[in-house]
2 protein chains.
Amino acid sequence: MSTEPEVPTNRPPTLTDVARLAGVSVATASKAINGRGEVRAATRVRVLEAAELLSFAPNALARGLLSGRTGTVGLLTSDLEGRFSIPILMGVEDAFGAGQVSVFLCDARGDAIREQHHVRALLSRRVDGLIVVGSRTDPRPPLAGNIPVPVVYVYDPSANPDDISITVDNVGGGRLAIEHLLACGRRNIAHITGDAGFQAARDRAEGAAAALADAGLGLIGDRPYFGSWDESWGRAAAHMLVEQHPETDAIFCGSDQIARGVLDTLRDLGRDVPRSTAVIGFDNWEAIAADSRPRLTSIDMNLKHLGAVAGQRLFAAIGGAVPGSEKFPGRIVMRESTLPVG
Amino acid sequence: MSTEPEVPTNRPPTLTDVARLAGVSVATASKAINGRGEVRAATRVRVLEAAELLSFAPNALARGLLSGRTGTVGLLTSDLEGRFSIPILMGVEDAFGAGQVSVFLCDARGDAIREQHHVRALLSRRVDGLIVVGSRTDPRPPLAGNIPVPVVYVYDPSANPDDISITVDNVGGGRLAIEHLLACGRRNIAHITGDAGFQAARDRAEGAAAALADAGLGLIGDRPYFGSWDESWGRAAAHMLVEQHPETDAIFCGSDQIARGVLDTLRDLGRDVPRSTAVIGFDNWEAIAADSRPRLTSIDMNLKHLGAVAGQRLFAAIGGAVPGSEKFPGRIVMRESTLPVG
DNA sequence: GCCCACTTCGAAAACGATCTCGAAATCCGA
DNA sequence: TCGGATTTCGAGATCGTTTTCGAAGTGGGC
């Protein structure tokens with residue numbers, strides 16, 4: 001159906017080519033194509049046909065040079081392999097995907113020098129704005145130098161409160177988890193989580209403690225079991241926990257991986273989940289949570305949505321608005337590892 | 001140390017500004033900054049100082065408009081959330097990261113229309129080349145329309161053999177897995193894998209069968225156990241397998257998730273891994289393989305390297321070379337789920 | 001003092017699109 | 001058929017950089 005025009009020239013067609021073919025000036029061709037200015041209907045049709053025939057695509061460089069707007073955005077991520085950057089990145093893509101914005105992807109590998117280098121390159125490409133996405137929630141130093149375009153920080157907030165940061169409410173997430181366990185009728189709740197050096201671990205623990213306090217309760221062992229984020233810590237901590245506090249009837253885990261380890265140990269020890277002990281994870285990492293035995297209830301941080309919001313806020317900021325920072329709550333995804341008693 | 005110059009103008013400085021400050025013409029300023037042409041040393045220094053003072057960054061749009069080269073590349077991925085795109089994407093980033101190439105990221109979400117739309121946008125931005133990365137190894141239709149820039153397909157090859165495709169040698173991967181199990185002294189080897197609708201599943205099975213045939217052996221059950229790629233299939237298939245063929249002493253799994261399921265079931269049935277039954281996975285997905293009990297030996301497809309090669313080949317093609325398609329072998333990552341007998 | 005070779009510099013064109021504003025074409029009624 | 005109002009169109013400037021090529025400046029040898 002699409003008869004490729006016989007254009008042996010490898011050089012992409014320019015507006016001049018279109019104008020020549022249509023027998024008009026470039027000015028008229030431009031107006032006809034963009035629907036601007038006064039162009040007779042017949043002329044417009046002639047130009048559009050010519051453009052179609054040559055499969056003309058306007059040179060975005062020339063357009064950007066003139067208008068000062070490129071319709072591009074820089075996406076700086078500190079670690080691509082990180083689990084958190086990807087959904088956020090998808091959200092950003094979604095936010096722009098429909099429109100005419102393209103996204104430059106830059107991975108700084110967590111190196112400040114490299115980041116600086118990328119920022120320089122992006123600015124020289126005259127991006128309209130920047131999105132900085134991190135993989136830890138600990139506040140990060142803002143981009144160095146005076147950036148002449150709007151910047152939005154996602155997941156990992158800027159240390160400068162005047163910057164626009166879109167983050168996750170980890171305190172609320174911890175609260176959410178505990179409230180669910182309480183609603184399931186559990187009262188002896190422990191918290192096994194990752195490295196206390198992470199703000200995320202401390203925040204979730206804080207939310208958990210607060211929710212328990214509201215119910216007149218405290219954590220089993222009086223404090224969280226801080227460790228690392230992986231399965232083996234989950235297994236080890238669960239062993240300790242069951243030994244020291246066999247009365248435990250629910251465990252809030254700081255990550256789904258920890259939760260997997262906990263599930264394994266509980267199974268080994270013959271403790272039924274969720275009947276004897278409920279387990280709830282964090283992150284809702286499908287590959288980990290959706291196919292365990294039993295399938296894992298978890299807190300989902302809506303990272304994709306976070307990314308989409310970041311894109312929207314950046315877009316608004318480019319338009320001249322001055323959006324403030326925002327913090328988003330997670331949601332609970334219920335599966336079989338938590339069930340009401342009775 | 002870096003005293004920000006007091007430049008109240010928000011408009012980024014142009015070469016004209018630099019030239020004026022240095023007291024030379026724009027032509028001279030350009031030559032001084034790019035090290036081209038004949039410029040007296042003293043003049044060059046003056047220009048460079050002026051540029052530094054204004055923190056001048058050349059407008060890449062103007063440069064690209066003139067030279068016809070933008071130093072940008074489009075990266076089309078079919079699914080960002082897919083496990084395979086990400087390492088490849090990192091490799092591509094790495095391949096260009098050091099240089100002056102920037103990468104446009106576009107996620108087509110597996111939708112051909114959307115892909116077409118993105119291609120159009122990228123071409124209008126005058127990218128120097130395109131990389132198309134897929135998430136299945138089944139050959140895909142090449143990009144529609146006549147693309148005026150080089151294209152490299154990664155992981156997912158183009159159906160057109162004249163295109164440049166950089167792929168994984170899944171047949172070789174299957175062979176690798178079996179040869180390792182044979183080297184460990186196993187003889188009764190089964191293969192539990194994913195959906196037979198996937199080329200990857202068929203290729204790996206083919207390689208496995210070939211390696212066994214070379215040793216005068218065949219698969220337990222005479223054929224692979226095709227199913228799905230997840231843990232629950234691994235558990236179910238392992239149950240069947242042990243019941244029907246208790247003599248099995250090794251299981252080659254088509255994915256690490258399947259392998260996790262298999263490990264679970266073997267544990268339930270009291271079969272020691274690796275002593276009674278060795279288990280090997282595929283993908284070497286760290287989060288899944290590195291913390292299981294026992295830790296999982298797996299085939300790593302070097303996806304990051306694949307991406308890096310794709311970047312290099314694209315770069316060569318942009319330079320005028322005509323690289324051919326390539327297929328890369330995986331490597332085995334040894335952990336404790338396979339051990340030599342004795 | 002003169003001429004030539006060589007170095008250093010700048011004016012201007014070019015890339016491709018958009019926008020302004022003046023010129024040309026068209027239409028209307030009288 | 002003509003004058004004026006209204007469309008419709010096009011020449012040229014513009015964005016910021018690179019590159020060409022000619023002009024100017026410098027120095028040296030005789």
# chains A, B, ... in the order shown; residues from 1 in each chain; ligands from 1
>>> closest_atom_pairs(of="chain A", to="chain D", cutoff="8 Å", atoms="only C-alpha atoms (C1' of nucleotides)", output="tab-separated table")
residue	atom	partner	partner_atom	distance
A:Ser25	CA	D:DG10	C1'	6.1
A:Ala27	CA	D:DG10	C1'	6.8
A:Thr28	CA	D:DC9	C1'	6.8
A:Glu38	CA	D:DT8	C1'	6.5
A:Val39	CA	D:DT8	C1'	6.1
A:Arg40	CA	D:DT8	C1'	6.6
A:Leu65	CA	D:DC15	C1'	5.2
A:Leu66	CA	D:DC15	C1'	4.3
A:Ser67	CA	D:DC15	C1'	7.6
>>> residues_around(residues="segment 252-262 of chain B", least_positions_apart="6", cutoff="7 Å", atoms="only C-alpha atoms (C1' of nucleotides)", output="number ranges by chain")
B: 177, 190-194, 201, 229-235, 238, 279-285, 288-289
>>> interface_residues(of="chain A", to="chain B", cutoff="6 Å", atoms="only C-alpha atoms", output="PyMOL selection string")
chain A and resi 57-61+103-105+124-125
>>> write_last_selection(atoms="all heavy atoms", output="mmCIF file, in the first residue's frame")
data_model
loop_
_atom_site.group_PDB
_atom_site.id
_atom_site.type_symbol
_atom_site.label_atom_id
_atom_site.label_comp_id
_atom_site.auth_asym_id
_atom_site.auth_seq_id
_atom_site.Cartn_x
_atom_site.Cartn_y
_atom_site.Cartn_z
ATOM 1 N N ALA A 57 9.957 14.844 6.994
ATOM 2 C CA ALA A 57 9.849 15.021 8.449
ATOM 3 C C ALA A 57 10.659 16.260 8.812
ATOM 4 O O ALA A 57 11.848 16.317 8.502
ATOM 5 C CB ALA A 57 10.378 13.804 9.186
ATOM 6 N N PRO A 58 10.028 17.232 9.417
ATOM 7 C CA PRO A 58 10.738 18.479 9.719
ATOM 8 C C PRO A 58 11.956 18.231 10.589
ATOM 9 O O PRO A 58 11.930 17.395 11.483
ATOM 10 C CB PRO A 58 9.694 19.320 10.454
ATOM 11 C CG PRO A 58 8.666 18.344 10.924
ATOM 12 C CD PRO A 58 8.673 17.230 9.930
ATOM 13 N N ASN A 59 13.007 18.924 10.320
ATOM 14 C CA ASN A 59 14.246 18.788 11.078
ATOM 15 C C ASN A 59 14.095 19.438 12.452
ATOM 16 O O ASN A 59 14.004 20.655 12.569
ATOM 17 C CB ASN A 59 15.375 19.458 10.298
ATOM 18 C CG ASN A 59 16.715 19.212 10.929
ATOM 19 O OD1 ASN A 59 16.827 19.190 12.137
ATOM 20 N ND2 ASN A 59 17.723 19.020 10.110
ATOM 21 N N ALA A 60 14.058 18.594 13.461
ATOM 22 C CA ALA A 60 13.814 19.092 14.823
ATOM 23 C C ALA A 60 14.960 19.976 15.305
ATOM 24 O O ALA A 60 14.771 20.832 16.166
ATOM 25 C CB ALA A 60 13.603 17.928 15.777
ATOM 26 N N LEU A 61 16.136 19.771 14.763
ATOM 27 C CA LEU A 61 17.273 20.591 15.172
ATOM 28 C C LEU A 61 17.041 22.042 14.751
ATOM 29 O O LEU A 61 17.163 22.964 15.561
ATOM 30 C CB LEU A 61 18.560 20.076 14.521
ATOM 31 C CG LEU A 61 18.969 18.659 14.869
ATOM 32 C CD1 LEU A 61 20.203 18.274 14.080
ATOM 33 C CD2 LEU A 61 19.235 18.553 16.345
ATOM 34 N N VAL A 103 13.156 11.555 25.315
ATOM 35 C CA VAL A 103 13.894 11.471 26.566
ATOM 36 C C VAL A 103 15.326 10.985 26.342
ATOM 37 O O VAL A 103 15.547 9.944 25.737
ATOM 38 C CB VAL A 103 13.191 10.501 27.530
ATOM 39 C CG1 VAL A 103 13.984 10.350 28.810
ATOM 40 C CG2 VAL A 103 11.780 10.983 27.827
ATOM 41 N N PHE A 104 16.276 11.762 26.827
ATOM 42 C CA PHE A 104 17.662 11.317 26.823
ATOM 43 C C PHE A 104 17.921 10.502 28.082
ATOM 44 O O PHE A 104 17.670 10.977 29.190
ATOM 45 C CB PHE A 104 18.623 12.514 26.841
ATOM 46 C CG PHE A 104 18.850 13.136 25.505
ATOM 47 C CD1 PHE A 104 18.449 14.434 25.259
ATOM 48 C CD2 PHE A 104 19.484 12.448 24.489
ATOM 49 C CE1 PHE A 104 18.670 15.019 24.029
ATOM 50 C CE2 PHE A 104 19.711 13.025 23.259
ATOM 51 C CZ PHE A 104 19.302 14.316 23.023
ATOM 52 N N LEU A 105 18.434 9.307 27.912
ATOM 53 C CA LEU A 105 18.739 8.483 29.073
ATOM 54 C C LEU A 105 20.217 8.565 29.413
ATOM 55 O O LEU A 105 21.072 8.364 28.544
ATOM 56 C CB LEU A 105 18.376 7.028 28.796
ATOM 57 C CG LEU A 105 18.774 6.071 29.918
ATOM 58 C CD1 LEU A 105 17.922 6.306 31.150
ATOM 59 C CD2 LEU A 105 18.655 4.635 29.465
ATOM 60 N N SER A 124 24.209 21.086 26.775
ATOM 61 C CA SER A 124 24.693 21.509 25.465
ATOM 62 C C SER A 124 23.725 21.055 24.374
ATOM 63 O O SER A 124 23.669 21.643 23.307
ATOM 64 C CB SER A 124 26.100 20.967 25.244
ATOM 65 O OG SER A 124 26.150 20.165 24.115
ATOM 66 N N ARG A 125 22.942 20.037 24.663
ATOM 67 C CA ARG A 125 21.914 19.626 23.712
ATOM 68 C C ARG A 125 20.634 20.410 23.927
ATOM 69 O O ARG A 125 19.613 20.136 23.296
ATOM 70 C CB ARG A 125 21.627 18.136 23.830
ATOM 71 C CG ARG A 125 22.817 17.279 23.436
ATOM 72 C CD ARG A 125 22.457 15.860 23.148
ATOM 73 N NE ARG A 125 23.647 15.056 22.966
ATOM 74 C CZ ARG A 125 24.374 15.048 21.858
ATOM 75 N NH1 ARG A 125 24.013 15.799 20.835
ATOM 76 N NH2 ARG A 125 25.467 14.313 21.771
#
>>> closest_residue(among="C:DA14, C:DC9, C:DC19, C:DC2", to="chain A", atoms="only C-alpha atoms (C1' of nucleotides)")
C:DC19
